[in-house]
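File shown: protein03.cif. Contents: mmCIF, N, CA and C atoms.
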data_data
#
loop_
_atom_site.label_atom_id
_atom_site.label_comp_id
_atom_site.auth_asym_id
_atom_site.auth_seq_id
_atom_site.Cartn_x
_atom_site.Cartn_y
_atom_site.Cartn_z
N MET U 1 -2.48 -11.73 32.11
CA MET U 1 -1.92 -12.35 30.93
C MET U 1 -0.87 -11.41 30.33
N THR U 2 0.30 -11.92 30.05
CA THR U 2 1.35 -11.10 29.46
C THR U 2 1.24 -11.14 27.94
N ARG U 3 1.64 -10.07 27.32
CA ARG U 3 1.57 -9.94 25.88
C ARG U 3 2.82 -10.54 25.26
N THR U 4 2.66 -11.19 24.12
CA THR U 4 3.80 -11.74 23.38
C THR U 4 4.62 -10.59 22.82
N SER U 5 5.93 -10.69 22.91
CA SER U 5 6.81 -9.67 22.33
C SER U 5 7.14 -10.07 20.90
N TYR U 6 7.09 -9.10 20.00
CA TYR U 6 7.39 -9.35 18.59
C TYR U 6 8.63 -8.56 18.19
N PRO U 7 9.40 -9.07 17.23
CA PRO U 7 10.61 -8.35 16.80
C PRO U 7 10.32 -6.94 16.25
N SER U 8 9.11 -6.72 15.77
CA SER U 8 8.77 -5.42 15.20
C SER U 8 8.34 -4.40 16.25
N ASP U 9 8.21 -4.80 17.52
CA ASP U 9 7.76 -3.89 18.58
C ASP U 9 8.77 -2.75 18.78
N LEU U 10 8.23 -1.59 19.14
CA LEU U 10 9.07 -0.44 19.47
C LEU U 10 9.80 -0.69 20.79
N THR U 11 11.04 -0.26 20.86
CA THR U 11 11.75 -0.27 22.13
C THR U 11 11.27 0.94 22.94
N GLN U 12 11.61 0.98 24.21
CA GLN U 12 11.23 2.13 25.04
C GLN U 12 11.83 3.41 24.49
N GLU U 13 13.07 3.35 24.05
CA GLU U 13 13.75 4.53 23.49
C GLU U 13 13.04 5.02 22.23
N GLN U 14 12.66 4.08 21.35
CA GLN U 14 11.95 4.45 20.12
C GLN U 14 10.59 5.05 20.44
N TRP U 15 9.89 4.46 21.41
CA TRP U 15 8.58 4.96 21.80
C TRP U 15 8.68 6.39 22.33
N LEU U 16 9.71 6.67 23.13
CA LEU U 16 9.87 8.01 23.69
C LEU U 16 10.14 9.05 22.59
N LEU U 17 10.69 8.62 21.46
CA LEU U 17 10.93 9.53 20.35
C LEU U 17 9.64 9.91 19.62
N ILE U 18 8.76 8.94 19.42
CA ILE U 18 7.57 9.24 18.61
C ILE U 18 6.32 9.59 19.43
N GLU U 19 6.31 9.24 20.70
CA GLU U 19 5.11 9.51 21.51
C GLU U 19 4.69 10.98 21.48
N PRO U 20 5.62 11.95 21.61
CA PRO U 20 5.19 13.35 21.59
C PRO U 20 4.62 13.80 20.24
N ILE U 21 4.91 13.08 19.18
CA ILE U 21 4.44 13.46 17.84
C ILE U 21 3.00 12.99 17.61
N LEU U 22 2.60 11.94 18.31
CA LEU U 22 1.27 11.39 18.12
C LEU U 22 0.21 12.36 18.62
N PRO U 23 -0.94 12.42 17.92
CA PRO U 23 -2.01 13.31 18.37
C PRO U 23 -2.56 12.87 19.72
N LYS U 24 -2.87 13.83 20.54
CA LYS U 24 -3.45 13.55 21.86
C LYS U 24 -4.92 13.16 21.67
N PRO U 25 -5.48 12.41 22.62
CA PRO U 25 -6.90 12.08 22.51
C PRO U 25 -7.74 13.36 22.49
N GLY U 26 -8.81 13.33 21.71
CA GLY U 26 -9.67 14.50 21.60
C GLY U 26 -10.42 14.77 22.91
N TYR U 27 -10.78 16.02 23.12
CA TYR U 27 -11.55 16.38 24.31
C TYR U 27 -13.02 16.14 24.03
N GLY U 28 -13.71 15.69 25.04
CA GLY U 28 -15.11 15.36 24.85
C GLY U 28 -15.22 14.01 24.18
N GLY U 29 -16.37 13.46 24.16
CA GLY U 29 -16.56 12.17 23.52
C GLY U 29 -15.99 11.05 24.37
N ARG U 30 -15.88 9.91 23.76
CA ARG U 30 -15.43 8.72 24.46
C ARG U 30 -13.91 8.70 24.55
N PRO U 31 -13.35 8.32 25.70
CA PRO U 31 -11.89 8.22 25.81
C PRO U 31 -11.37 7.03 25.00
N ARG U 32 -10.09 7.08 24.68
CA ARG U 32 -9.47 5.97 23.96
C ARG U 32 -9.61 4.69 24.75
N SER U 33 -9.99 3.63 24.05
CA SER U 33 -10.12 2.33 24.72
C SER U 33 -8.97 1.40 24.36
N VAL U 34 -8.02 1.92 23.58
CA VAL U 34 -6.88 1.09 23.16
C VAL U 34 -5.58 1.73 23.65
N ASP U 35 -4.57 0.90 23.81
CA ASP U 35 -3.23 1.37 24.15
C ASP U 35 -2.58 1.79 22.83
N ILE U 36 -2.35 3.08 22.66
CA ILE U 36 -1.86 3.60 21.38
C ILE U 36 -0.48 3.02 21.03
N ARG U 37 0.31 2.68 22.03
CA ARG U 37 1.61 2.06 21.74
C ARG U 37 1.41 0.69 21.10
N GLN U 38 0.43 -0.08 21.59
CA GLN U 38 0.15 -1.39 20.99
C GLN U 38 -0.41 -1.23 19.58
N VAL U 39 -1.16 -0.16 19.35
CA VAL U 39 -1.67 0.11 18.00
C VAL U 39 -0.49 0.35 17.05
N ILE U 40 0.46 1.18 17.48
CA ILE U 40 1.65 1.45 16.65
C ILE U 40 2.43 0.15 16.44
N ASN U 41 2.60 -0.65 17.49
CA ASN U 41 3.27 -1.94 17.34
C ASN U 41 2.54 -2.83 16.34
N GLY U 42 1.21 -2.80 16.36
CA GLY U 42 0.42 -3.58 15.41
C GLY U 42 0.65 -3.13 13.98
N ILE U 43 0.71 -1.83 13.78
CA ILE U 43 0.96 -1.29 12.44
C ILE U 43 2.36 -1.67 11.97
N LEU U 44 3.34 -1.60 12.87
CA LEU U 44 4.70 -1.99 12.51
C LEU U 44 4.78 -3.49 12.21
N TYR U 45 4.05 -4.30 12.98
CA TYR U 45 4.01 -5.75 12.73
C TYR U 45 3.45 -6.03 11.35
N LEU U 46 2.35 -5.37 11.03
CA LEU U 46 1.72 -5.56 9.73
C LEU U 46 2.65 -5.12 8.60
N SER U 47 3.31 -4.01 8.79
CA SER U 47 4.25 -3.51 7.78
C SER U 47 5.42 -4.47 7.60
N ARG U 48 5.89 -5.04 8.70
CA ARG U 48 7.04 -5.95 8.65
C ARG U 48 6.69 -7.31 8.05
N THR U 49 5.52 -7.83 8.41
CA THR U 49 5.16 -9.19 7.97
C THR U 49 4.36 -9.21 6.68
N GLY U 50 3.64 -8.13 6.39
CA GLY U 50 2.83 -8.10 5.18
C GLY U 50 1.53 -8.88 5.31
N CYS U 51 1.14 -9.22 6.53
CA CYS U 51 -0.09 -9.98 6.71
C CYS U 51 -1.31 -9.10 6.42
N ALA U 52 -2.45 -9.71 6.27
CA ALA U 52 -3.69 -8.98 6.07
C ALA U 52 -4.14 -8.36 7.39
N TRP U 53 -4.89 -7.27 7.30
CA TRP U 53 -5.36 -6.61 8.52
C TRP U 53 -6.10 -7.58 9.42
N ARG U 54 -6.97 -8.39 8.84
CA ARG U 54 -7.80 -9.31 9.63
C ARG U 54 -6.99 -10.45 10.25
N MET U 55 -5.73 -10.61 9.82
CA MET U 55 -4.89 -11.66 10.38
C MET U 55 -3.94 -11.12 11.46
N LEU U 56 -4.11 -9.87 11.83
CA LEU U 56 -3.27 -9.26 12.86
C LEU U 56 -3.48 -9.99 14.19
N PRO U 57 -2.41 -10.39 14.87
CA PRO U 57 -2.57 -11.08 16.16
C PRO U 57 -3.39 -10.24 17.15
N LYS U 58 -4.14 -10.92 17.98
CA LYS U 58 -5.01 -10.26 18.96
C LYS U 58 -4.23 -9.45 19.99
N ASP U 59 -2.91 -9.69 20.10
CA ASP U 59 -2.07 -8.96 21.06
C ASP U 59 -2.11 -7.45 20.82
N PHE U 60 -2.42 -7.04 19.59
CA PHE U 60 -2.40 -5.63 19.24
C PHE U 60 -3.78 -4.97 19.38
N GLY U 61 -4.76 -5.73 19.77
CA GLY U 61 -6.12 -5.21 19.87
C GLY U 61 -6.89 -5.58 18.61
N PRO U 62 -8.15 -5.16 18.53
CA PRO U 62 -8.95 -5.49 17.35
C PRO U 62 -8.32 -4.90 16.09
N TRP U 63 -8.29 -5.68 15.03
CA TRP U 63 -7.68 -5.21 13.78
C TRP U 63 -8.35 -3.94 13.28
N SER U 64 -9.65 -3.83 13.50
CA SER U 64 -10.38 -2.65 13.01
C SER U 64 -9.93 -1.38 13.74
N SER U 65 -9.57 -1.50 15.02
CA SER U 65 -9.05 -0.34 15.77
C SER U 65 -7.67 0.05 15.26
N VAL U 66 -6.83 -0.94 15.02
CA VAL U 66 -5.48 -0.67 14.50
C VAL U 66 -5.59 -0.01 13.14
N TYR U 67 -6.47 -0.52 12.29
CA TYR U 67 -6.66 0.05 10.95
C TYR U 67 -7.22 1.47 11.05
N HIS U 68 -8.13 1.69 11.97
CA HIS U 68 -8.70 3.04 12.17
C HIS U 68 -7.59 4.05 12.45
N TYR U 69 -6.71 3.72 13.38
CA TYR U 69 -5.62 4.64 13.72
C TYR U 69 -4.61 4.78 12.58
N PHE U 70 -4.36 3.70 11.85
CA PHE U 70 -3.48 3.79 10.69
C PHE U 70 -4.02 4.83 9.70
N ARG U 71 -5.31 4.73 9.38
CA ARG U 71 -5.93 5.68 8.43
C ARG U 71 -5.97 7.09 9.01
N LEU U 72 -6.30 7.20 10.28
CA LEU U 72 -6.34 8.52 10.92
C LEU U 72 -4.97 9.19 10.85
N PHE U 73 -3.92 8.45 11.19
CA PHE U 73 -2.56 9.01 11.16
C PHE U 73 -2.11 9.31 9.74
N ARG U 74 -2.55 8.52 8.78
CA ARG U 74 -2.22 8.80 7.38
C ARG U 74 -2.89 10.09 6.93
N ASP U 75 -4.17 10.22 7.24
CA ASP U 75 -4.94 11.36 6.76
C ASP U 75 -4.58 12.67 7.45
N ASP U 76 -4.20 12.62 8.74
CA ASP U 76 -3.89 13.87 9.44
C ASP U 76 -2.41 14.24 9.39
N GLY U 77 -1.59 13.44 8.69
CA GLY U 77 -0.18 13.77 8.51
C GLY U 77 0.74 13.29 9.62
N THR U 78 0.23 12.47 10.53
CA THR U 78 1.06 11.99 11.64
C THR U 78 2.24 11.17 11.12
N TRP U 79 2.01 10.29 10.17
CA TRP U 79 3.11 9.47 9.64
C TRP U 79 4.18 10.35 9.01
N GLU U 80 3.75 11.38 8.30
CA GLU U 80 4.72 12.28 7.68
C GLU U 80 5.53 13.03 8.74
N ARG U 81 4.87 13.47 9.80
CA ARG U 81 5.60 14.16 10.89
C ARG U 81 6.59 13.23 11.57
N ILE U 82 6.19 11.98 11.79
CA ILE U 82 7.12 11.00 12.39
C ILE U 82 8.31 10.81 11.46
N HIS U 83 8.05 10.62 10.18
CA HIS U 83 9.13 10.42 9.21
C HIS U 83 10.07 11.62 9.19
N ASP U 84 9.51 12.82 9.10
CA ASP U 84 10.35 14.02 9.03
C ASP U 84 11.19 14.20 10.30
N THR U 85 10.60 13.92 11.45
CA THR U 85 11.33 14.04 12.71
C THR U 85 12.48 13.04 12.78
N LEU U 86 12.20 11.80 12.44
CA LEU U 86 13.25 10.78 12.50
C LEU U 86 14.33 11.03 11.45
N ARG U 87 13.93 11.45 10.25
CA ARG U 87 14.92 11.78 9.21
C ARG U 87 15.82 12.90 9.68
N GLY U 88 15.24 13.93 10.30
CA GLY U 88 16.04 15.05 10.80
C GLY U 88 17.04 14.60 11.86
N ARG U 89 16.61 13.71 12.76
CA ARG U 89 17.52 13.21 13.80
C ARG U 89 18.69 12.43 13.18
N VAL U 90 18.38 11.59 12.22
CA VAL U 90 19.42 10.78 11.57
C VAL U 90 20.40 11.69 10.83
N ARG U 91 19.88 12.69 10.12
CA ARG U 91 20.76 13.59 9.37
C ARG U 91 21.63 14.43 10.31
N ARG U 92 21.05 14.93 11.41
CA ARG U 92 21.86 15.71 12.36
C ARG U 92 22.95 14.85 12.98
N LYS U 93 22.61 13.60 13.28
CA LYS U 93 23.60 12.69 13.86
C LYS U 93 24.75 12.43 12.89
N ALA U 94 24.43 12.49 11.58
CA ALA U 94 25.46 12.29 10.55
C ALA U 94 26.17 13.60 10.20
N GLY U 95 25.85 14.70 10.92
CA GLY U 95 26.52 15.97 10.68
C GLY U 95 25.96 16.74 9.50
N LYS U 96 24.72 16.45 9.11
CA LYS U 96 24.10 17.13 7.96
C LYS U 96 22.97 18.03 8.44
N LEU U 97 22.47 18.85 7.52
CA LEU U 97 21.29 19.65 7.81
C LEU U 97 20.09 18.73 7.98
N PRO U 98 19.09 19.14 8.78
CA PRO U 98 17.94 18.25 9.03
C PRO U 98 17.15 17.89 7.78
N THR U 99 17.12 18.80 6.79
CA THR U 99 16.39 18.48 5.56
C THR U 99 17.35 18.45 4.39
N PRO U 100 17.12 17.55 3.44
CA PRO U 100 18.01 17.46 2.28
C PRO U 100 17.96 18.75 1.47
N SER U 101 19.10 19.13 0.87
CA SER U 101 19.15 20.35 0.08
C SER U 101 19.17 20.06 -1.41
N ALA U 102 19.26 18.80 -1.79
CA ALA U 102 19.31 18.45 -3.21
C ALA U 102 18.71 17.07 -3.39
N GLY U 103 18.33 16.78 -4.61
CA GLY U 103 17.80 15.46 -4.96
C GLY U 103 18.43 15.00 -6.25
N VAL U 104 18.40 13.73 -6.50
CA VAL U 104 18.96 13.16 -7.71
C VAL U 104 17.86 12.44 -8.45
N ILE U 105 17.77 12.71 -9.74
CA ILE U 105 16.81 12.02 -10.59
C ILE U 105 17.59 11.22 -11.60
N ASP U 106 17.29 9.94 -11.68
CA ASP U 106 17.95 9.06 -12.63
C ASP U 106 17.31 9.26 -13.99
N SER U 107 18.09 9.68 -14.97
CA SER U 107 17.54 9.97 -16.29
C SER U 107 16.98 8.72 -16.98
N GLN U 108 17.40 7.57 -16.55
CA GLN U 108 16.88 6.34 -17.16
C GLN U 108 15.44 6.07 -16.76
N SER U 109 15.00 6.63 -15.65
CA SER U 109 13.64 6.35 -15.20
C SER U 109 12.68 7.51 -15.40
N VAL U 110 13.16 8.61 -16.01
CA VAL U 110 12.30 9.77 -16.25
C VAL U 110 11.86 9.77 -17.70
N LYS U 111 10.54 9.80 -17.93
CA LYS U 111 10.03 9.84 -19.28
C LYS U 111 9.95 11.28 -19.75
N THR U 112 10.17 11.49 -21.03
CA THR U 112 10.08 12.83 -21.60
C THR U 112 8.96 12.87 -22.62
N ASP U 113 8.58 14.08 -23.00
CA ASP U 113 7.55 14.26 -24.02
C ASP U 113 8.17 14.39 -25.40
N ALA U 114 9.50 14.41 -25.47
CA ALA U 114 10.16 14.58 -26.76
C ALA U 114 9.93 13.36 -27.63
N PRO U 115 9.52 13.59 -28.91
CA PRO U 115 9.30 12.44 -29.80
C PRO U 115 10.62 11.77 -30.18
N SER U 116 10.55 10.50 -30.38
CA SER U 116 11.75 9.74 -30.75
C SER U 116 12.06 9.97 -32.22
N LYS U 117 13.35 10.08 -32.56
CA LYS U 117 13.75 10.29 -33.95
C LYS U 117 13.73 8.99 -34.74
N THR U 118 13.79 7.89 -34.03
CA THR U 118 13.77 6.60 -34.72
C THR U 118 12.51 5.86 -34.34
N ILE U 119 12.12 4.96 -35.21
CA ILE U 119 10.92 4.18 -34.96
C ILE U 119 11.25 2.91 -34.18
N ALA U 120 12.48 2.46 -34.30
CA ALA U 120 12.86 1.20 -33.65
C ALA U 120 12.73 1.31 -32.14
N THR U 121 12.29 0.24 -31.53
CA THR U 121 12.18 0.20 -30.08
C THR U 121 12.95 -1.00 -29.56
N ALA U 122 13.27 -0.96 -28.32
CA ALA U 122 14.05 -2.03 -27.70
C ALA U 122 13.13 -3.01 -26.97
N THR U 123 12.19 -3.54 -27.69
CA THR U 123 11.29 -4.51 -27.08
C THR U 123 11.49 -5.87 -27.74
N THR U 124 11.07 -6.87 -27.08
CA THR U 124 11.19 -8.22 -27.65
C THR U 124 9.95 -8.53 -28.47
N ARG U 125 10.12 -9.41 -29.43
CA ARG U 125 9.01 -9.79 -30.27
C ARG U 125 8.01 -10.61 -29.50
N ALA U 126 6.78 -10.50 -29.91
CA ALA U 126 5.73 -11.30 -29.30
C ALA U 126 5.89 -12.74 -29.73
N ARG U 127 5.51 -13.65 -28.88
CA ARG U 127 5.57 -15.07 -29.23
C ARG U 127 4.49 -15.41 -30.23
N LYS U 128 4.77 -16.43 -31.04
CA LYS U 128 3.76 -16.91 -31.97
C LYS U 128 2.69 -17.63 -31.17
N PRO U 129 1.45 -17.48 -31.57
CA PRO U 129 0.39 -18.19 -30.84
C PRO U 129 0.54 -19.70 -31.02
N LEU U 130 0.18 -20.42 -30.00
CA LEU U 130 0.23 -21.89 -30.08
C LEU U 130 -0.88 -22.38 -31.02
N ALA U 131 -0.56 -23.41 -31.76
CA ALA U 131 -1.56 -23.99 -32.66
C ALA U 131 -2.65 -24.63 -31.82
N ALA U 132 -3.87 -24.59 -32.36
CA ALA U 132 -4.99 -25.19 -31.65
C ALA U 132 -4.74 -26.68 -31.51
N SER U 133 -5.04 -27.20 -30.33
CA SER U 133 -4.79 -28.62 -30.12
C SER U 133 -5.76 -29.46 -30.94
N VAL U 134 -5.26 -30.52 -31.46
CA VAL U 134 -6.05 -31.40 -32.31
C VAL U 134 -6.58 -32.54 -31.44
N SER U 135 -7.86 -32.84 -31.56
CA SER U 135 -8.44 -33.93 -30.78
C SER U 135 -8.37 -35.21 -31.53
#

Spit out the file's structure as structure tokens when you get a sec.
Amino acid sequence: MTRTSYPSDLTQEQWLLIEPILPKPGYGGRPRSVDIRQVINGILYLSRTGCAWRMLPKDFGPWSSVYHYFRLFRDDGTWERIHDTLRGRVRRKAGKLPTPSAGVIDSQSVKTDAPSKTIATATTRARKPLAASVS
């Protein structure tokens, strides 16, 4: 039986970029029973579509296995390593240093502890409550 191809699936080139970053199977214990590439494709499908874990198509394996690896990679920093590696490649390709050297903070979205000199606020008035319906 052939597997359905999804738009969110990794290409061979993309897979070759992230495969070395993924943790190798542990020594001892039970060997992996899932195709780790299909697990990654399942996570990407879920991220792209926003479906619930339990609604993940069977093509990616059991949803609980995909979720297990998602949590494992989150907790051990695998996602962060993948992100940092890909960000570095994109920045080098653009002729920049692999890591950003500065950041920008929008002053409109940063709250301060300084007290306001005026009491007026820029909020809208609350609506008047509706009168109780008469029977």

Could you work out how far CA of Ser101 in chain U lies from atom N of Trp15 in chain U, giving the answer in Å with one decimal?
28.2 Å

Point-to-point distance from CA of Trp79 in chain U to CA of Ile18 in chain U, Å rounded to tenths
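That distance, rounded to one decimal, is 10.0 Å.
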
Show which residues sit within 8 Å of Leu56 in chain U, as an MDAnalysis selection string. Count all atoms listed in the file, and ignore same-chain residues fewer than 4 positions away.
chainID U and resid 42 45:46 51:52 60:63

Tell me, as a count of residues only, which residues lie within 8 Å of Arg81 in chain U, counting only N, CA and C atoms; anything in the same chain fewer than 5 positions away does not count.
5

Atom C of Leu72 in chain U to CA of Thr49 in chain U: how many Å, to one decimal?
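Atom C of Leu72 in chain U sits 21.2 Å away from CA of Thr49 in chain U.
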
If DSSP is run on the backbone, what residues of chain U are helix (DSSP H, G or I)? A reply as a short mmCIF file (atom, residue, chain, number, x, y, z; two decimals) with N, CA and C atoms, in the frame of the given file would be ideal.
data_model
loop_
_atom_site.label_atom_id
_atom_site.label_comp_id
_atom_site.auth_asym_id
_atom_site.auth_seq_id
_atom_site.Cartn_x
_atom_site.Cartn_y
_atom_site.Cartn_z
N GLN U 12 11.61 0.98 24.21
CA GLN U 12 11.23 2.13 25.04
C GLN U 12 11.83 3.41 24.49
N GLU U 13 13.07 3.35 24.05
CA GLU U 13 13.75 4.53 23.49
C GLU U 13 13.04 5.02 22.23
N GLN U 14 12.66 4.08 21.35
CA GLN U 14 11.95 4.45 20.12
C GLN U 14 10.59 5.05 20.44
N TRP U 15 9.89 4.46 21.41
CA TRP U 15 8.58 4.96 21.80
C TRP U 15 8.68 6.39 22.33
N LEU U 16 9.71 6.67 23.13
CA LEU U 16 9.87 8.01 23.69
C LEU U 16 10.14 9.05 22.59
N LEU U 17 10.69 8.62 21.46
CA LEU U 17 10.93 9.53 20.35
C LEU U 17 9.64 9.91 19.62
N ILE U 18 8.76 8.94 19.42
CA ILE U 18 7.57 9.24 18.61
C ILE U 18 6.32 9.59 19.43
N GLU U 19 6.31 9.24 20.70
CA GLU U 19 5.11 9.51 21.51
C GLU U 19 4.69 10.98 21.48
N PRO U 20 5.62 11.95 21.61
CA PRO U 20 5.19 13.35 21.59
C PRO U 20 4.62 13.80 20.24
N ILE U 21 4.91 13.08 19.18
CA ILE U 21 4.44 13.46 17.84
C ILE U 21 3.00 12.99 17.61
N ILE U 36 -2.35 3.08 22.66
CA ILE U 36 -1.86 3.60 21.38
C ILE U 36 -0.48 3.02 21.03
N ARG U 37 0.31 2.68 22.03
CA ARG U 37 1.61 2.06 21.74
C ARG U 37 1.41 0.69 21.10
N GLN U 38 0.43 -0.08 21.59
CA GLN U 38 0.15 -1.39 20.99
C GLN U 38 -0.41 -1.23 19.58
N VAL U 39 -1.16 -0.16 19.35
CA VAL U 39 -1.67 0.11 18.00
C VAL U 39 -0.49 0.35 17.05
N ILE U 40 0.46 1.18 17.48
CA ILE U 40 1.65 1.45 16.65
C ILE U 40 2.43 0.15 16.44
N ASN U 41 2.60 -0.65 17.49
CA ASN U 41 3.27 -1.94 17.34
C ASN U 41 2.54 -2.83 16.34
N GLY U 42 1.21 -2.80 16.36
CA GLY U 42 0.42 -3.58 15.41
C GLY U 42 0.65 -3.13 13.98
N ILE U 43 0.71 -1.83 13.78
CA ILE U 43 0.96 -1.29 12.44
C ILE U 43 2.36 -1.67 11.97
N LEU U 44 3.34 -1.60 12.87
CA LEU U 44 4.70 -1.99 12.51
C LEU U 44 4.78 -3.49 12.21
N TYR U 45 4.05 -4.30 12.98
CA TYR U 45 4.01 -5.75 12.73
C TYR U 45 3.45 -6.03 11.35
N LEU U 46 2.35 -5.37 11.03
CA LEU U 46 1.72 -5.56 9.73
C LEU U 46 2.65 -5.12 8.60
N SER U 47 3.31 -4.01 8.79
CA SER U 47 4.25 -3.51 7.78
C SER U 47 5.42 -4.47 7.60
N ARG U 48 5.89 -5.04 8.70
CA ARG U 48 7.04 -5.95 8.65
C ARG U 48 6.69 -7.31 8.05
N THR U 49 5.52 -7.83 8.41
CA THR U 49 5.16 -9.19 7.97
C THR U 49 4.36 -9.21 6.68
N TRP U 53 -4.89 -7.27 7.30
CA TRP U 53 -5.36 -6.61 8.52
C TRP U 53 -6.10 -7.58 9.42
N ARG U 54 -6.97 -8.39 8.84
CA ARG U 54 -7.80 -9.31 9.63
C ARG U 54 -6.99 -10.45 10.25
N MET U 55 -5.73 -10.61 9.82
CA MET U 55 -4.89 -11.66 10.38
C MET U 55 -3.94 -11.12 11.46
N LYS U 58 -4.14 -10.92 17.98
CA LYS U 58 -5.01 -10.26 18.96
C LYS U 58 -4.23 -9.45 19.99
N ASP U 59 -2.91 -9.69 20.10
CA ASP U 59 -2.07 -8.96 21.06
C ASP U 59 -2.11 -7.45 20.82
N PHE U 60 -2.42 -7.04 19.59
CA PHE U 60 -2.40 -5.63 19.24
C PHE U 60 -3.78 -4.97 19.38
N TRP U 63 -8.29 -5.68 15.03
CA TRP U 63 -7.68 -5.21 13.78
C TRP U 63 -8.35 -3.94 13.28
N SER U 64 -9.65 -3.83 13.50
CA SER U 64 -10.38 -2.65 13.01
C SER U 64 -9.93 -1.38 13.74
N SER U 65 -9.57 -1.50 15.02
CA SER U 65 -9.05 -0.34 15.77
C SER U 65 -7.67 0.05 15.26
N VAL U 66 -6.83 -0.94 15.02
CA VAL U 66 -5.48 -0.67 14.50
C VAL U 66 -5.59 -0.01 13.14
N TYR U 67 -6.47 -0.52 12.29
CA TYR U 67 -6.66 0.05 10.95
C TYR U 67 -7.22 1.47 11.05
N HIS U 68 -8.13 1.69 11.97
CA HIS U 68 -8.70 3.04 12.17
C HIS U 68 -7.59 4.05 12.45
N TYR U 69 -6.71 3.72 13.38
CA TYR U 69 -5.62 4.64 13.72
C TYR U 69 -4.61 4.78 12.58
N PHE U 70 -4.36 3.70 11.85
CA PHE U 70 -3.48 3.79 10.69
C PHE U 70 -4.02 4.83 9.70
N ARG U 71 -5.31 4.73 9.38
CA ARG U 71 -5.93 5.68 8.43
C ARG U 71 -5.97 7.09 9.01
N LEU U 72 -6.30 7.20 10.28
CA LEU U 72 -6.34 8.52 10.92
C LEU U 72 -4.97 9.19 10.85
N PHE U 73 -3.92 8.45 11.19
CA PHE U 73 -2.56 9.01 11.16
C PHE U 73 -2.11 9.31 9.74
N ARG U 74 -2.55 8.52 8.78
CA ARG U 74 -2.22 8.80 7.38
C ARG U 74 -2.89 10.09 6.93
N ASP U 75 -4.17 10.22 7.24
CA ASP U 75 -4.94 11.36 6.76
C ASP U 75 -4.58 12.67 7.45
N ASP U 76 -4.20 12.62 8.74
CA ASP U 76 -3.89 13.87 9.44
C ASP U 76 -2.41 14.24 9.39
N THR U 78 0.23 12.47 10.53
CA THR U 78 1.06 11.99 11.64
C THR U 78 2.24 11.17 11.12
N TRP U 79 2.01 10.29 10.17
CA TRP U 79 3.11 9.47 9.64
C TRP U 79 4.18 10.35 9.01
N GLU U 80 3.75 11.38 8.30
CA GLU U 80 4.72 12.28 7.68
C GLU U 80 5.53 13.03 8.74
N ARG U 81 4.87 13.47 9.80
CA ARG U 81 5.60 14.16 10.89
C ARG U 81 6.59 13.23 11.57
N ILE U 82 6.19 11.98 11.79
CA ILE U 82 7.12 11.00 12.39
C ILE U 82 8.31 10.81 11.46
N HIS U 83 8.05 10.62 10.18
CA HIS U 83 9.13 10.42 9.21
C HIS U 83 10.07 11.62 9.19
N ASP U 84 9.51 12.82 9.10
CA ASP U 84 10.35 14.02 9.03
C ASP U 84 11.19 14.20 10.30
N THR U 85 10.60 13.92 11.45
CA THR U 85 11.33 14.04 12.71
C THR U 85 12.48 13.04 12.78
N LEU U 86 12.20 11.80 12.44
CA LEU U 86 13.25 10.78 12.50
C LEU U 86 14.33 11.03 11.45
N ARG U 87 13.93 11.45 10.25
CA ARG U 87 14.92 11.78 9.21
C ARG U 87 15.82 12.90 9.68
N GLY U 88 15.24 13.93 10.30
CA GLY U 88 16.04 15.05 10.80
C GLY U 88 17.04 14.60 11.86
N ARG U 89 16.61 13.71 12.76
CA ARG U 89 17.52 13.21 13.80
C ARG U 89 18.69 12.43 13.18
N VAL U 90 18.38 11.59 12.22
CA VAL U 90 19.42 10.78 11.57
C VAL U 90 20.40 11.69 10.83
N ARG U 91 19.88 12.69 10.12
CA ARG U 91 20.76 13.59 9.37
C ARG U 91 21.63 14.43 10.31
N ARG U 92 21.05 14.93 11.41
CA ARG U 92 21.86 15.71 12.36
C ARG U 92 22.95 14.85 12.98
N LYS U 93 22.61 13.60 13.28
CA LYS U 93 23.60 12.69 13.86
C LYS U 93 24.75 12.43 12.89
N SER U 107 18.09 9.68 -14.97
CA SER U 107 17.54 9.97 -16.29
C SER U 107 16.98 8.72 -16.98
N GLN U 108 17.40 7.57 -16.55
CA GLN U 108 16.88 6.34 -17.16
C GLN U 108 15.44 6.07 -16.76
N SER U 109 15.00 6.63 -15.65
CA SER U 109 13.64 6.35 -15.20
C SER U 109 12.68 7.51 -15.40
#

Of the listed residues U:Ser64, U:Asn41, U:Asp75, U:Ala102, that which approaches Leu10 in chain U most closely, counting only N, CA and C atoms
U:Asn41
